[in-house]
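The structure file my_file.txt is reproduced below (compact mmCIF, C-alpha atoms).
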```
# COMPACT_ATOMS: atom_id res chain seq x y z
CA MET A 1 3.52 -36.62 -48.36
CA ARG A 2 -0.07 -35.49 -48.96
CA ASN A 3 -1.10 -37.21 -45.69
CA CYS A 4 1.60 -35.37 -43.76
CA LEU A 5 0.49 -32.04 -45.24
CA LEU A 6 -3.13 -32.79 -44.32
CA ILE A 7 -2.18 -33.63 -40.73
CA LEU A 8 -0.19 -30.37 -40.48
CA ILE A 9 -3.13 -28.29 -41.76
CA ILE A 10 -5.55 -29.95 -39.31
CA SER A 11 -3.13 -29.34 -36.43
CA LEU A 12 -2.78 -25.66 -37.32
CA LEU A 13 -6.56 -25.23 -37.61
CA SER A 14 -7.08 -26.89 -34.23
CA PHE A 15 -4.46 -24.62 -32.67
CA ALA A 16 -6.12 -21.52 -34.17
CA CYS A 17 -9.59 -22.60 -33.02
CA LYS A 18 -8.31 -22.89 -29.47
CA PHE A 19 -7.62 -19.16 -29.40
CA ASP A 20 -10.73 -18.18 -31.39
CA ASN A 21 -13.05 -19.90 -28.91
CA PRO A 22 -15.07 -17.12 -27.22
CA GLU A 23 -15.09 -19.15 -24.01
CA GLU A 24 -11.31 -18.71 -23.85
CA ASN A 25 -11.43 -14.90 -23.98
CA THR A 26 -9.63 -13.24 -21.10
CA LYS A 27 -11.33 -11.07 -18.50
CA PRO A 28 -10.85 -7.30 -18.45
CA GLN A 29 -7.47 -6.42 -16.96
CA ILE A 30 -7.19 -3.84 -14.19
CA VAL A 31 -3.73 -2.54 -13.32
CA ALA A 32 -3.34 -1.10 -9.81
CA THR A 33 -0.11 0.68 -9.03
CA THR A 34 0.79 -0.94 -5.68
CA SER A 35 0.26 -4.32 -4.08
CA ILE A 36 -1.79 -2.71 -1.28
CA LEU A 37 -4.20 -1.12 -3.75
CA ALA A 38 -4.35 -4.22 -5.95
CA ASP A 39 -5.45 -6.34 -2.98
CA GLY A 40 -8.31 -3.97 -2.18
CA ILE A 41 -9.50 -3.85 -5.78
CA ARG A 42 -9.41 -7.66 -6.06
CA ASN A 43 -11.73 -7.90 -3.08
CA ILE A 44 -14.13 -5.47 -4.76
CA VAL A 45 -14.27 -6.81 -8.33
CA GLY A 46 -14.06 -10.50 -7.43
CA GLU A 47 -14.12 -12.74 -10.50
CA ASN A 48 -15.18 -9.97 -12.88
CA ALA A 49 -11.63 -8.94 -13.78
CA ASP A 50 -7.97 -9.84 -13.48
CA VAL A 51 -6.19 -7.37 -11.18
CA VAL A 52 -2.45 -6.88 -11.62
CA SER A 53 -0.12 -4.92 -9.35
CA LEU A 54 2.24 -2.72 -11.35
CA MET A 55 4.81 -2.66 -8.53
CA PRO A 56 5.88 -6.01 -7.08
CA ALA A 57 5.69 -6.65 -3.34
CA GLY A 58 8.60 -5.05 -1.50
CA VAL A 59 8.98 -2.10 -3.90
CA ASP A 60 9.07 1.49 -2.60
CA PRO A 61 6.51 3.53 -4.61
CA HIS A 62 8.21 6.84 -3.66
CA LEU A 63 11.25 5.82 -5.70
CA TYR A 64 9.60 3.74 -8.40
CA LYS A 65 10.35 4.55 -12.04
CA ALA A 66 8.14 3.04 -14.73
CA SER A 67 9.93 0.80 -17.22
CA VAL A 68 9.03 0.33 -20.88
CA ARG A 69 7.29 -2.89 -19.87
CA ASP A 70 5.26 -0.94 -17.28
CA LEU A 71 4.18 1.64 -19.86
CA ASP A 72 2.99 -1.15 -22.16
CA LEU A 73 1.07 -2.71 -19.28
CA LEU A 74 -0.61 0.60 -18.42
CA GLN A 75 -1.50 1.42 -22.02
CA ASN A 76 -2.91 -2.05 -22.71
CA ALA A 77 -4.93 -2.26 -19.49
CA ASP A 78 -8.70 -1.91 -19.59
CA MET A 79 -8.54 0.16 -16.40
CA VAL A 80 -5.70 1.77 -14.40
CA ILE A 81 -6.21 2.52 -10.70
CA TYR A 82 -3.74 4.54 -8.64
CA HIS A 83 -3.42 5.98 -5.13
CA GLY A 84 -2.81 9.63 -5.95
CA LEU A 85 -1.67 12.15 -3.32
CA PHE A 86 1.75 12.02 -5.02
CA LEU A 87 2.49 8.56 -3.61
CA GLU A 88 3.59 7.45 -7.08
CA GLY A 89 5.67 10.65 -7.31
CA LYS A 90 7.73 9.78 -10.37
CA MET A 91 4.65 8.61 -12.29
CA THR A 92 2.45 11.70 -11.90
CA GLU A 93 3.15 12.94 -15.44
CA ILE A 94 2.41 9.48 -16.85
CA PHE A 95 -1.07 9.50 -15.29
CA GLU A 96 -1.72 12.98 -16.66
CA LYS A 97 -0.91 11.78 -20.18
CA LEU A 98 -2.84 8.52 -19.80
CA ALA A 99 -5.96 10.47 -18.81
CA PHE A 100 -6.44 11.50 -22.45
CA SER A 101 -6.69 7.93 -23.72
CA GLN A 102 -7.13 5.56 -20.79
CA ASN A 103 -9.71 4.66 -18.14
CA LEU A 104 -8.26 5.92 -14.83
CA ILE A 105 -9.40 5.92 -11.21
CA ASN A 106 -7.65 7.93 -8.49
CA VAL A 107 -8.96 6.30 -5.31
CA SER A 108 -7.95 9.19 -3.05
CA GLU A 109 -9.48 12.06 -5.03
CA ASN A 110 -12.65 12.24 -2.91
CA ILE A 111 -10.95 12.13 0.51
CA PRO A 112 -12.03 15.34 2.28
CA GLN A 113 -9.13 17.79 2.44
CA GLU A 114 -9.60 18.30 6.18
CA LEU A 115 -8.84 14.60 6.74
CA LEU A 116 -5.49 14.76 4.94
CA LEU A 117 -2.24 15.40 6.80
CA ARG A 118 0.35 17.79 5.37
CA SER A 119 3.93 18.77 6.11
CA GLY A 120 3.59 22.12 4.33
CA PRO A 121 1.39 24.25 2.04
CA GLU A 122 2.63 22.76 -1.24
CA ALA A 123 0.40 20.30 -3.12
CA HIS A 124 3.04 17.55 -2.94
CA SER A 125 3.43 17.99 0.83
CA VAL A 126 0.33 15.90 1.55
CA ASP A 127 0.93 12.64 3.40
CA PRO A 128 -0.14 9.83 1.01
CA HIS A 129 -0.08 6.96 3.56
CA ILE A 130 -3.85 6.97 4.12
CA TRP A 131 -4.08 3.15 4.32
CA PHE A 132 -2.64 3.24 7.86
CA ASP A 133 -5.97 4.67 9.01
CA VAL A 134 -8.24 1.75 8.17
CA SER A 135 -11.35 3.94 8.24
CA LEU A 136 -9.75 6.38 5.76
CA TRP A 137 -8.64 3.55 3.48
CA SER A 138 -12.24 2.31 3.55
CA LEU A 139 -13.36 5.69 2.16
CA ALA A 140 -10.82 5.42 -0.66
CA LEU A 141 -11.93 1.91 -1.61
CA ALA A 142 -15.60 2.91 -1.43
CA HIS A 143 -14.84 5.64 -3.98
CA GLY A 144 -12.99 3.12 -6.14
CA SER A 145 -16.03 0.85 -5.97
CA GLU A 146 -18.35 3.64 -7.15
CA GLU A 147 -16.07 4.49 -10.06
CA LEU A 148 -15.81 0.84 -11.11
CA ILE A 149 -19.60 0.62 -11.27
CA LYS A 150 -19.67 3.71 -13.51
CA TRP A 151 -17.15 1.99 -15.76
CA GLN A 152 -18.93 -1.41 -15.78
CA PRO A 153 -22.59 -0.90 -14.72
CA GLU A 154 -23.34 -4.61 -15.28
CA TRP A 155 -21.05 -5.40 -12.35
CA LYS A 156 -23.09 -3.29 -9.93
CA THR A 157 -24.75 -6.09 -7.96
CA THR A 158 -21.52 -8.06 -7.49
CA ILE A 159 -19.40 -5.03 -6.70
CA ASN A 160 -21.89 -3.68 -4.15
CA LYS A 161 -22.06 -7.06 -2.42
CA ASN A 162 -18.27 -7.49 -2.40
CA THR A 163 -17.68 -3.92 -1.21
CA GLU A 164 -20.14 -4.24 1.66
CA SER A 165 -18.53 -7.50 2.77
CA TYR A 166 -14.97 -6.17 2.55
CA LEU A 167 -15.72 -2.88 4.28
CA SER A 168 -17.34 -4.83 7.12
CA GLN A 169 -14.07 -6.74 7.55
CA LEU A 170 -12.16 -3.45 7.58
CA ALA A 171 -14.49 -2.02 10.24
CA LEU A 172 -13.66 -4.98 12.50
CA LEU A 173 -9.95 -4.49 11.79
CA HIS A 174 -10.25 -0.83 12.78
CA GLN A 175 -11.84 -1.76 16.11
CA ASP A 176 -9.13 -4.36 16.81
CA ASN A 177 -6.48 -1.70 16.25
CA LEU A 178 -8.18 0.66 18.70
CA THR A 179 -8.18 -2.02 21.39
CA LYS A 180 -4.53 -3.01 20.93
CA VAL A 181 -3.13 0.51 20.71
CA ALA A 182 -4.98 1.63 23.86
CA GLN A 183 -2.69 -0.66 25.84
CA LEU A 184 0.42 0.97 24.32
CA ARG A 185 -0.77 4.40 25.46
CA GLN A 186 -1.17 3.09 28.99
CA ALA A 187 2.48 1.93 28.85
CA ASN A 188 3.56 5.46 27.75
CA GLN A 189 5.10 4.08 24.55
CA ALA A 190 5.49 5.71 21.12
CA LEU A 191 5.97 4.35 17.60
CA ILE A 192 9.33 5.31 16.07
CA THR A 193 10.14 4.31 12.49
CA ALA A 194 12.64 5.06 9.74
CA HIS A 195 10.37 7.39 7.74
CA ASP A 196 7.23 9.29 8.63
CA ALA A 197 4.70 6.81 7.21
CA PHE A 198 2.56 6.18 10.30
CA SER A 199 1.09 9.63 11.00
CA TYR A 200 -2.41 8.55 9.95
CA PHE A 201 -2.02 5.48 12.16
CA GLY A 202 -1.05 7.69 15.09
CA ARG A 203 -3.98 10.06 14.57
CA ALA A 204 -6.55 7.30 14.05
CA TYR A 205 -5.52 5.26 17.08
CA ASP A 206 -4.24 8.07 19.31
CA LEU A 207 -0.60 6.95 19.48
CA GLU A 208 2.43 9.22 19.39
CA VAL A 209 4.41 8.56 16.20
CA LEU A 210 7.84 9.84 15.15
CA GLY A 211 9.81 9.18 11.97
CA LEU A 212 13.50 9.80 11.39
CA GLN A 213 12.93 10.80 7.75
CA GLY A 214 10.12 12.83 6.24
CA LEU A 215 7.02 11.67 4.33
CA SER A 216 9.07 10.50 1.36
CA THR A 217 11.98 8.09 1.50
CA LEU A 218 13.77 10.55 -0.81
CA SER A 219 14.46 12.79 2.19
CA GLU A 220 17.58 12.31 4.31
CA PRO A 221 17.67 12.56 8.12
CA GLY A 222 20.10 15.07 9.60
CA LEU A 223 22.26 14.89 12.71
CA ARG A 224 19.82 17.12 14.63
CA ASP A 225 16.96 14.73 13.81
CA LEU A 226 19.00 11.79 15.07
CA THR A 227 20.11 13.51 18.27
CA GLY A 228 16.62 14.72 19.12
CA LEU A 229 15.11 11.30 18.52
CA VAL A 230 17.69 9.58 20.74
CA SER A 231 16.99 12.05 23.56
CA PHE A 232 13.25 11.43 23.26
CA ILE A 233 13.71 7.64 23.39
CA VAL A 234 15.92 7.78 26.48
CA GLU A 235 13.64 10.21 28.34
CA ARG A 236 10.49 8.21 27.61
CA ASN A 237 12.10 4.80 28.12
CA ILE A 238 10.89 3.60 24.72
CA HIS A 239 11.43 -0.14 24.35
CA ALA A 240 11.88 -0.51 20.57
CA VAL A 241 12.27 1.28 17.26
CA PHE A 242 11.20 -0.21 13.95
CA ALA A 243 12.82 -0.88 10.60
CA GLU A 244 10.66 -0.88 7.46
CA GLN A 245 10.44 -3.48 4.75
CA THR A 246 11.07 -1.18 1.74
CA ILE A 247 13.77 1.01 3.33
CA SER A 248 17.41 0.44 4.24
CA PRO A 249 17.73 0.00 8.03
CA LYS A 250 20.97 2.02 8.24
CA ALA A 251 19.36 5.24 9.47
CA ILE A 252 17.29 3.58 12.19
CA GLU A 253 20.30 1.46 13.19
CA ALA A 254 22.08 4.75 13.90
CA VAL A 255 19.28 5.56 16.37
CA VAL A 256 19.88 2.24 18.16
CA ALA A 257 23.62 2.99 18.32
CA GLY A 258 22.93 6.50 19.63
CA CYS A 259 20.76 5.10 22.40
CA ALA A 260 23.47 2.58 23.32
CA ASN A 261 25.95 5.45 23.65
CA GLN A 262 23.63 6.86 26.31
CA ASN A 263 23.40 3.49 28.08
CA HIS A 264 19.86 2.88 26.89
CA GLU A 265 19.54 -0.51 25.21
CA ILE A 266 16.71 -0.60 22.71
CA LYS A 267 15.42 -3.27 20.32
CA LEU A 268 15.46 -2.83 16.56
CA ALA A 269 12.18 -4.55 15.73
CA GLY A 270 10.32 -5.32 12.53
CA PRO A 271 10.62 -4.77 9.71
CA LEU A 272 7.16 -3.23 9.48
CA TYR A 273 5.28 -3.27 6.20
CA THR A 274 4.70 0.29 5.05
CA ASP A 275 4.38 0.98 1.32
CA SER A 276 3.96 -2.60 0.14
CA LEU A 277 2.44 -5.91 1.16
CA GLY A 278 4.56 -8.90 2.05
CA ALA A 279 5.15 -11.79 -0.33
CA PRO A 280 2.04 -13.54 -1.67
CA GLU A 281 0.76 -16.29 0.64
CA SER A 282 2.69 -14.79 3.58
CA PRO A 283 0.83 -13.49 6.69
CA ALA A 284 1.30 -9.93 5.37
CA GLY A 285 0.38 -10.85 1.80
CA THR A 286 -3.00 -9.09 2.02
CA TYR A 287 -3.92 -5.64 3.31
CA ILE A 288 -5.76 -7.03 6.32
CA GLY A 289 -2.89 -9.43 7.01
CA MET A 290 -0.35 -6.62 6.66
CA VAL A 291 -2.17 -4.39 9.17
CA LYS A 292 -2.60 -7.25 11.65
CA THR A 293 1.07 -8.23 11.31
CA ASN A 294 2.26 -4.65 11.86
CA VAL A 295 0.05 -4.06 14.90
CA GLN A 296 1.08 -7.36 16.49
CA VAL A 297 4.80 -6.66 15.98
CA ILE A 298 4.40 -3.12 17.35
CA PHE A 299 2.39 -4.32 20.34
CA GLU A 300 4.73 -7.16 21.28
CA SER A 301 7.91 -5.10 20.82
CA LEU A 302 6.73 -2.15 22.91
CA THR A 303 5.11 -4.10 25.76
CA GLN A 304 7.78 -6.76 26.42
```

Mind turning the file's structure into structure tokens?
Amino acid sequence: MRNCLLILIISLLSFACKFDNPEENTKPQIVATTSILADGIRNIVGENADVVSLMPAGVDPHLYKASVRDLDLLQNADMVIYHGLFLEGKMTEIFEKLAFSQNLINVSENIPQELLLRSGPEAHSVDPHIWFDVSLWSLALAHGSEELIKWQPEWKTTINKNTESYLSQLALLHQDNLTKVAQLRQANQALITAHDAFSYFGRAYDLEVLGLQGLSTLSEPGLRDLTGLVSFIVERNIHAVFAEQTISPKAIEAVVAGCANQNHEIKLAGPLYTDSLGAPESPAGTYIGMVKTNVQVIFESLTQ
């Protein structure tokens, strides 16, 4: 009996030592709100921290409501990083409260106002989809990099090296987009999607872009929007319209049906990745992969 008790005590001590070993301590945890943002931050911090995406791939941030589990994750994180510009619309008050007790970075806060697109004068009318202009997204991540160094100065050398490398990759991606989209302009094509997420893309790469819904997926398209869009497609002989990965295709399917009623057959292509990356390990599972996937689908659908 005494031998059994001794074995039990030794086992418990060994188990406790396993978790007391300083070599087993976890890295700082950074919580980024979306999968797109989390991917960028991972490229910047490298092995210095564990980066977690609050919203899983495929989730629409416009509609996202934080759960009790999410609140625990945010409060227990060493750092919380979010997009801002009202992308995480239903979480704005949460960030305001967290600011009193938590380390927070708003990656978009230093984007010059003149570079932001708006649908009206209200603060929440700003278009948050800045990642569709790769050069603008680079500015946001560069700001995030600077703020991370302020938070952890000992990471400066690594973060600067990682940021320079990643921004160089984004600069090449930006140039590739310019080359591909130039051919779409020559074909007199336009990008038509379910909601107005690609305005920055259109401005950056000089492509006409139209969305059936507004900036937020909370808005609903009206009959006049649908009729006007169908007329535009028929007049311009547009070859395809595009569904989006986080949005029901019903509204854009109505556009396809409206074109058919006017004897203009059009492809429903996609879905394009808009507010979220694709599944991990998929071609669109990283930001760079997502952009490349979108541009290739757009290019092939509008030129064939």

Item to complete: May I have the residues within 10 Å of Pro56 of chain A as a VMD selection string, using only C-alpha atoms and disregarding those fewer than 4 positions away in the same chain?
Response: chain A and resid 33 to 35 52 60 to 61 276 to 279

Discussion item. Can you measure atom CA of Thr193 of chain A to atom CA of Thr293 of chain A for me? One decimal in Å is fine.
Written reply: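 According to the coordinates, atom CA of Thr193 of chain A and atom CA of Thr293 of chain A are separated by 15.5 Å.
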
Worksheet item: For the atom pair atom CA of Thr286 of chain A and atom CA of Leu302 of chain A, what is the interatomic distance in Å to one decimal place?
Response: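 Pair atom CA of Thr286 of chain A / atom CA of Leu302 of chain A returns 24.1 Å.
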
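Closest approach to Ser53 of chain A among A:Phe132, A:Phe100, A:Tyr82, A:Phe198: A:Tyr82, based on only C-alpha atoms.
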
Practice prompt. Rank nothing, just name the residue among A:Gly144, A:Pro121, A:Gly285, A:Gly84 nearest to Ile44 of chain A, using all atoms listed in the file.
Written response: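 The answer is A:Gly144, which sits nearest to Ile44 of chain A.
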
Worksheet item: For the point (9.9, 5.2, -10.1) in file coordinates, what residues are within 10 Å, counting only C-alpha atoms? Give the answer as a PyMOL selection string?
Response: chain A and resi 55+59-67+88-91

Which residues are near Gln175 of chain A? Cut-off 10 Å, all atoms listed in the file, ignore same chain within fewer than 5 positions. Put them as a PDB file with C-alpha atoms, in the coordinates of the input.
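Wrote it out as around.pdb, contents follow:
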```pdb
ATOM      1  CA  VAL A 134      -8.240   1.750   8.170  1.00  0.00           C
ATOM      2  CA  SER A 135     -11.350   3.940   8.240  1.00  0.00           C
ATOM      3  CA  LEU A 170     -12.160  -3.450   7.580  1.00  0.00           C
ATOM      4  CA  LYS A 180      -4.530  -3.010  20.930  1.00  0.00           C
ATOM      5  CA  TYR A 205      -5.520   5.260  17.080  1.00  0.00           C
TER       6      TYR A 205
END
```

Worksheet item: Which residues, written as a VMD selection string, have at least one atom at most 8 Å from Leu104 of chain A, with only C-alpha atoms counted and residues fewer than 5 positions away on the same chain left out?
Response: chain A and resid 79 to 82 98 to 99
